[in-house]
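Heads up: the structure comes next, in structure tokens.
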Amino acid sequence: MTKTDSAQAMRTKSPASEKVTLTFDENGQQKSYHLPLLTGNLGPKVIDIRDLYAKTGYFTYDPGFTSTASCDSAITYIDGENGILLHRGYRIEDLAEHCDFLEVAYLLLHKELPTQKQFEDYHHEISLHTLLHEQLINFYKGFRRDAHPMAIMVGVVGALSAFYHDSLDLHNPYQRELASTRLIAKIPSMAAIAYKYSIGHPFMYPHNKLKYAENFLHMMFAVPSYEYQVNPVLAKAMNRILVLHADHEQNASTSTVRLASSSGANPFACIAAGIASLWGPAHGGANEAVLNMLTEIGDKSRIPEFIKRAKDKNDPFRLMGFGHRVYKNYDPRAQVLRKSCHEVLQELGIKDEPLLGIALELEKIALDDPYFIEKKLFPNVDFYSGIILKAMGIPTSMFTVLFAVARTIGWVAQWREMIEDPIQKIGRPRQRYVGHEQRNFMPLNQR
């Protein structure tokens, strides 16, 4: 069986005869068109409209592509109605509770959880690529000290293609693997340097004997003048944050990575495009928005005022970090991170920090208030991750950067899946044109 035949066999589980019929009037005459109906392993059936325009002369209209499947994928499955998130078939709760981040990275890339030997080999392989080219480190010095870390990340990740020419050939499996390894290994180093640069601290080189999350915390907070010991409770929480944000199906940034890669762009440019998309406040900035909201509330005594506003449908105010666009029930990632949130606050002995006090009071209200329960406005993963990162002493400007560190593995896995998919082609959405009809041109002196 060829690669194409194998891929087609996996993606067509519906009987070949299963179709839907599209019927409409055209110039007073009723016409019907039959469209194939495809079924995946889980989730809703999919109407195959690839030949719709050729058959009918019509496009579909779907702003935001919320009802459109743009690809086949075997990486992540989401059931928003029932609060289910699976990576390669494994529940996110199990992965976050029991796995090191690199185990999950291996799973997303290689389709199976690693054995002990495979995990050790993979950790070693990643450790060989954690260092950045020294000239790339000099690249940071071209940014202003007060530059947003995400602006730095977009530029520096995109610049990787200028330093690593031996991993740009999309059609070479070895180079795809090398580019994947480099991105996963270097992204924490790049993020930590962006933070160090913003506060004027010396850059810390990676410590490869540490685990992935531990190494990231070491690069973020260690200084050359004294020995830094990674707190295991904080490392466990950071590992969970990374796992819980590793991939989330065809969201805006993942779709951006896929669209960029469909043109044949190099992997570093594609991931930089994903980081740029993630930077948007409607996407990766949600946990930063939580902290901004807590700052706006300012004091526990004002919580009832903001709760009242949140319940008023005529008030534009919304409680950030509650409910989720995809999860109509409880966000399964939030259930895991809630545990880490309380572990971190207890470990650090934080009792008097005003914003965290407001956050915990809001959590209590949301979990007990009939209005929030009825509307299913439960705290989501952004709510708890914002609290944890704040407690760790990480500035809000770095929150989205941490999201990018975690999501890079998902972007890389999705990029590779697309490159290896024989039916994928360059992305080319169409439009419903609502501008002027053809107009007669008039020279400048006649207008």
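To be explicit about the labels: the chains of the structure tokens are called A, B, and onward in the order shown, and within each one the residues are counted from 1, while ligands get numbers from 1 in the order they are shown.
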Per-residue nearest contacts of region 88-123 of chain A to region 233-247 of chain A (8 Å; only C-alpha atoms) as CSV:
```
residue,atom,partner,partner_atom,distance
A:Ile92,CA,A:Leu244,CA,7.0
A:Leu95,CA,A:Val243,CA,7.3
A:Ala96,CA,A:Arg240,CA,5.3
A:Glu97,CA,A:Arg240,CA,7.3
A:Asp100,CA,A:Asn239,CA,6.7
A:Phe101,CA,A:Val243,CA,5.5
A:Val104,CA,A:Val243,CA,6.9
A:Ala105,CA,A:Ala246,CA,7.9
```
Put those residues in a file: C-alpha atoms, as a CSV table (one decimal), in the first residue's frame.
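out09.csv was written with the following content:
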```csv
chain,number,residue,atom,x,y,z
A,92,ILE,CA,-5.1,15.3,29.3
A,95,LEU,CA,-0.8,13.2,31.0
A,96,ALA,CA,-0.6,16.3,33.2
A,97,GLU,CA,-0.7,14.3,36.4
A,100,ASP,CA,7.1,14.9,32.1
A,101,PHE,CA,6.6,17.5,29.4
A,104,VAL,CA,4.1,14.4,26.0
A,105,ALA,CA,6.3,16.1,23.3
```
**Report entry** Exercise: region 166-179 of chain A partners within 9 Å, only C-alpha atoms, chain neighbours under 5 positions left out, as a list in words
**Finding:**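 Contacts, in chain order: Ser161, Ile184, Gly264, Ala265, Asn266, Pro267, Phe268, Val412, Arg416, Ile419 and Glu420 of chain A.
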Any chance you could export the current selection's N, CA and C atoms as a PDB file, in the first residue's frame?
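Output below, filename result.pdb:
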```
ATOM      1  N   SER A 161      16.186  30.662  11.236  1.00  0.00           N
ATOM      2  CA  SER A 161      16.442  30.154   9.885  1.00  0.00           C
ATOM      3  C   SER A 161      17.712  30.752   9.282  1.00  0.00           C
ATOM      4  N   ILE A 184      12.062  22.649  19.874  1.00  0.00           N
ATOM      5  CA  ILE A 184      11.625  22.238  21.209  1.00  0.00           C
ATOM      6  C   ILE A 184      12.723  22.497  22.243  1.00  0.00           C
ATOM      7  N   GLY A 264       5.102  26.315   1.985  1.00  0.00           N
ATOM      8  CA  GLY A 264       6.462  25.795   1.894  1.00  0.00           C
ATOM      9  C   GLY A 264       7.457  26.614   2.688  1.00  0.00           C
ATOM     10  N   ALA A 265       6.970  27.521   3.542  1.00  0.00           N
ATOM     11  CA  ALA A 265       7.871  28.323   4.373  1.00  0.00           C
ATOM     12  C   ALA A 265       8.667  27.424   5.306  1.00  0.00           C
ATOM     13  N   ASN A 266       9.862  27.882   5.699  1.00  0.00           N
ATOM     14  CA  ASN A 266      10.699  27.059   6.573  1.00  0.00           C
ATOM     15  C   ASN A 266      10.082  26.947   7.967  1.00  0.00           C
ATOM     16  N   PRO A 267      10.417  25.912   8.719  1.00  0.00           N
ATOM     17  CA  PRO A 267       9.753  25.656  10.000  1.00  0.00           C
ATOM     18  C   PRO A 267       9.897  26.789  11.009  1.00  0.00           C
ATOM     19  N   PHE A 268      11.047  27.463  11.017  1.00  0.00           N
ATOM     20  CA  PHE A 268      11.252  28.535  11.992  1.00  0.00           C
ATOM     21  C   PHE A 268      10.336  29.719  11.680  1.00  0.00           C
ATOM     22  N   VAL A 412       4.808  22.273  16.256  1.00  0.00           N
ATOM     23  CA  VAL A 412       5.758  21.436  15.521  1.00  0.00           C
ATOM     24  C   VAL A 412       5.083  20.140  15.063  1.00  0.00           C
ATOM     25  N   ARG A 416       4.502  19.111  11.183  1.00  0.00           N
ATOM     26  CA  ARG A 416       5.001  17.873  10.578  1.00  0.00           C
ATOM     27  C   ARG A 416       3.867  17.037  10.004  1.00  0.00           C
ATOM     28  N   ILE A 419       2.953  18.594   6.658  1.00  0.00           N
ATOM     29  CA  ILE A 419       3.975  18.370   5.632  1.00  0.00           C
ATOM     30  C   ILE A 419       3.916  16.938   5.115  1.00  0.00           C
ATOM     31  N   GLU A 420       3.603  15.992   5.988  1.00  0.00           N
ATOM     32  CA  GLU A 420       3.593  14.579   5.623  1.00  0.00           C
ATOM     33  C   GLU A 420       2.242  14.114   5.069  1.00  0.00           C
TER      34      GLU A 420
END
```
Query raised in the report: Could you pull the residues within 9 Å of Tyr212 (chain A), counting only C-alpha atoms, minus those fewer than 4 positions along the same chain, as a VMD selection string?
Result: chain A and resid 100 to 102 123 185 188 208 216 to 217 239
Report task. For Gly43 (chain A), work out the shell of residues within 12 Å, counting only C-alpha atoms and skipping chain neighbours fewer than 4 positions away, then give it as a PyMOL selection string. Result -> chain A and resi 38-39+69+76-82+84-86
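In terms of minimum interatomic distance to Asn329 (chain A), A:Gly83 ranks closest within A:Gly64, A:Pro304, A:Gly410, A:Gly83, counting only C-alpha atoms.
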Query raised in the report: Pick from A:Tyr140, A:Ser73, A:Ala151, A:Pro206: nearest to Ser127 (chain A), with only C-alpha atoms counted?
Result: A:Pro206
When you look at Ile271 (chain A) with a cut-off of 8 Å (counting only C-alpha atoms), what residues show up, excluding the ones that are within fewer than 2 positions of it in the same chain? I need them as a PDB file with C-alpha atoms, in the first residue's frame.
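Result file selection04.pdb:
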```
ATOM      1  CA  VAL A 157      12.486  32.599  16.464  1.00  0.00           C
ATOM      2  CA  GLY A 158      12.097  33.785  12.883  1.00  0.00           C
ATOM      3  CA  VAL A 257       1.292  27.649  11.524  1.00  0.00           C
ATOM      4  CA  PRO A 267       9.753  25.656  10.000  1.00  0.00           C
ATOM      5  CA  PHE A 268      11.252  28.535  11.992  1.00  0.00           C
ATOM      6  CA  ALA A 269       9.236  31.089  10.018  1.00  0.00           C
ATOM      7  CA  ALA A 273       3.983  33.117  12.607  1.00  0.00           C
ATOM      8  CA  GLY A 274       2.272  31.007  15.268  1.00  0.00           C
ATOM      9  CA  ILE A 275       3.858  33.107  18.021  1.00  0.00           C
ATOM     10  CA  THR A 408       5.684  25.042  20.333  1.00  0.00           C
ATOM     11  CA  TRP A 411       2.816  23.639  16.489  1.00  0.00           C
ATOM     12  CA  VAL A 412       5.758  21.436  15.521  1.00  0.00           C
TER      13      VAL A 412
END
```
Within 12 Å of Ile373 (chain A), counting only C-alpha atoms, which residues qualify if same-chain residues fewer than 5 places away don't, as a JSON list (two decimals) with N, CA and C atoms, in the first residue's frame?
```json
[["chain", "number", "residue", "atom", "x", "y", "z"],
["A", 322, "PHE", "N", -13.16, 32.86, 33.12],
["A", 322, "PHE", "CA", -14.31, 32.04, 33.48],
["A", 322, "PHE", "C", -15.06, 31.64, 32.21],
["A", 323, "GLY", "N", -15.40, 30.35, 32.12],
["A", 323, "GLY", "CA", -16.01, 29.84, 30.91],
["A", 323, "GLY", "C", -14.97, 29.69, 29.81],
["A", 328, "LYS", "N", -18.03, 23.85, 26.82],
["A", 328, "LYS", "CA", -19.33, 24.31, 27.29],
["A", 328, "LYS", "C", -19.61, 23.76, 28.69],
["A", 329, "ASN", "N", -18.76, 22.88, 29.16],
["A", 329, "ASN", "CA", -18.83, 22.38, 30.51],
["A", 329, "ASN", "C", -17.56, 22.85, 31.21],
["A", 330, "TYR", "N", -16.99, 22.06, 32.08],
["A", 330, "TYR", "CA", -15.78, 22.44, 32.79],
["A", 330, "TYR", "C", -14.56, 22.17, 31.92],
["A", 363, "GLU", "N", -12.83, 32.57, 42.73],
["A", 363, "GLU", "CA", -12.95, 31.13, 42.48],
["A", 363, "GLU", "C", -14.05, 30.53, 43.35],
["A", 364, "LYS", "N", -14.05, 30.88, 44.63],
["A", 364, "LYS", "CA", -15.04, 30.35, 45.56],
["A", 364, "LYS", "C", -16.46, 30.72, 45.12],
["A", 365, "ILE", "N", -16.64, 31.97, 44.73],
["A", 365, "ILE", "CA", -17.96, 32.43, 44.30],
["A", 365, "ILE", "C", -18.40, 31.68, 43.04],
["A", 366, "ALA", "N", -17.49, 31.57, 42.07],
["A", 366, "ALA", "CA", -17.84, 30.93, 40.81],
["A", 366, "ALA", "C", -18.22, 29.47, 40.98],
["A", 367, "LEU", "N", -17.60, 28.80, 41.94],
["A", 367, "LEU", "CA", -17.88, 27.38, 42.15],
["A", 367, "LEU", "C", -19.14, 27.15, 42.98],
["A", 368, "ASP", "N", -19.62, 28.21, 43.69],
["A", 368, "ASP", "CA", -20.78, 28.06, 44.57],
["A", 368, "ASP", "C", -22.02, 28.81, 44.09],
["A", 378, "PHE", "N", -17.32, 28.27, 34.82],
["A", 378, "PHE", "CA", -16.33, 27.79, 35.78],
["A", 378, "PHE", "C", -14.96, 28.40, 35.47],
["A", 379, "PRO", "N", -14.08, 28.47, 36.47],
["A", 379, "PRO", "CA", -12.72, 28.94, 36.19],
["A", 379, "PRO", "C", -12.05, 28.05, 35.13]]
```
What's around Glu288 (chain A) at 10 Å? Count only C-alpha atoms, leave out sequence neighbours fewer than 2 positions away in its own chain, and write the answer as a JSON list (two decimals) with C-alpha atoms, in the first residue's frame.
```json
[["chain", "number", "residue", "atom", "x", "y", "z"],
["A", 281, "PRO", "CA", -5.30, 39.16, 23.47],
["A", 284, "GLY", "CA", -2.74, 33.67, 24.15],
["A", 285, "GLY", "CA", -3.24, 36.79, 26.22],
["A", 286, "ALA", "CA", -6.13, 35.39, 28.24],
["A", 290, "VAL", "CA", -7.07, 37.68, 34.16],
["A", 291, "LEU", "CA", -4.38, 39.57, 36.07],
["A", 292, "ASN", "CA", -5.46, 42.85, 34.50],
["A", 293, "MET", "CA", -9.03, 42.15, 35.63],
["A", 320, "MET", "CA", -11.85, 36.99, 32.46],
["A", 321, "GLY", "CA", -10.78, 33.40, 33.09],
["A", 382, "ASP", "CA", -6.12, 30.69, 32.03],
["A", 383, "PHE", "CA", -7.52, 31.67, 35.42],
["A", 385, "SER", "CA", -2.24, 29.60, 35.19],
["A", 386, "GLY", "CA", -2.38, 33.36, 35.72],
["A", 387, "ILE", "CA", -2.52, 32.94, 39.49],
["A", 389, "LEU", "CA", 2.63, 32.51, 37.31],
["A", 390, "LYS", "CA", 1.89, 35.61, 39.38],
["A", 395, "PRO", "CA", 5.67, 39.28, 35.16],
["A", 396, "THR", "CA", 2.45, 39.40, 33.17],
["A", 397, "SER", "CA", 4.36, 40.38, 30.02],
["A", 398, "MET", "CA", 5.93, 36.90, 30.10],
["A", 399, "PHE", "CA", 2.66, 34.97, 30.43],
["A", 400, "THR", "CA", 2.06, 34.63, 26.69]]
```
Query raised in the report: For Thr66 (chain A), which of A:Arg333, A:Ser255, A:Leu319, A:Met153 is the closest residue, counting only C-alpha atoms?
Result: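 Comparing A:Arg333, A:Ser255, A:Leu319, A:Met153 against Thr66 (chain A), the winner is A:Ser255.
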Requested in this report: Just the helix (DSSP H, G or I) stuff from region 110-347 of chain A, please, per backbone DSSP, written as an NGL selection string.
Outcome: :A and (110 or 116-127 or 134-142 or 149-162 or 165-167 or 173-199 or 212-221 or 232-244 or 252-262 or 267-278 or 286-297 or 300-311 or 332-347)
